[in-house]
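A.B. asks: Structure provided below as structure tokens; questions to follow.
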Amino acid sequence: RYKQWSSLTFDQQQIAKTALLYKEETWDNVGTADIEMRLFDDLTDSQKIYAVELGFYEQTWDCFQNHYRAETWRELSPDIRSASEVLGWNQSSWGITKPTPAIYEQRWDRLSATEQAAATTLCYNRWPGGARDQLVGSFVHEGVKSQAARMLPKVAIAASIHTLLHIFI
């Protein structure tokens, strides 16, 4: 996630609750919300718009919300597949409903540099200052922030159109 639940504004919490069906517990514990089992393309049109309002678009949702686990092994890009293998996944163990490898219980600072790099490729990071220090989804790295910033004008237009449609319908 970009922020813990307590750091979200009231409006952001309402969007997360009503449109994306999050609760504080599921927002702060990656992989526990049913909606995270879906790729961005599998969200409803309105869920996509609200996800965008929370700062997600296709790349950030698929990476940070479900860490590509809603894709099949064959659909993964070579770099994502390679990073997944470093973290203990293989074709038969991969999937959103499969248990995570034991390495996911390791503290971030106990992972090797190679393992940390692989985890970062899958949009995992140490949750700074959080109670949990395990391998958990966290904040975007600079490359993804830059991509998200470039998407904001397009997202703002889509959100504005959606708002206007609701006003006039």
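Here's how to read the names in the structure tokens: chain A, B, ... by the order shown, residue numbers from 1 in each chain, ligand numbers from 1 in the order shown.
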Quick one: residues within 10 Å of Glu71 of chain A, only C-alpha atoms counted, chain neighbours fewer than 5 positions away excluded, as an NGL selection string?

C.D. replies: :A and (37-39 or 62 or 66 or 76 or 94-96)

A.B. asks: Please report as a Markdown table every residue of segment 4-64 of chain A lying within 12 Å of segment 115-122 of chain A, along with the nearest atom pair and their distance in Å (one decimal), using only C-alpha atoms.

C.D. replies:
```
| residue | atom | partner | partner_atom | distance |
| --- | --- | --- | --- | --- |
| A:Gln59 | CA | A:Leu122 | CA | 11.2 |
| A:Thr60 | CA | A:Leu122 | CA | 10.6 |
| A:Trp61 | CA | A:Leu122 | CA | 11.6 |
| A:Asp62 | CA | A:Leu122 | CA | 9.6 |
| A:Cys63 | CA | A:Leu122 | CA | 6.2 |
| A:Phe64 | CA | A:Leu122 | CA | 7.7 |
```

A.B. asks: When you count only C-alpha atoms, which of these residues is closest to Arg81 of chain A: A:Tyr68, A:Tyr57, A:Trp5, A:Tyr104?

C.D. replies: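 The answer is A:Tyr68, which sits nearest to Arg81 of chain A.
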
A.B. asks: Just the number, please: distance in Å from atom CA of Ser93 of chain A to atom CA of Leu43 of chain A, one decimal.

C.D. replies: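 Calculated distance between atom CA of Ser93 of chain A and atom CA of Leu43 of chain A is 24.7 Å.
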
A.B. asks: Given the choices A:Thr44, A:Asp34, A:Asn90, A:Val52, which gets closest to Arg74 of chain A if the distance is worked out from only C-alpha atoms?

C.D. replies: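 Closest candidate: A:Asn90.
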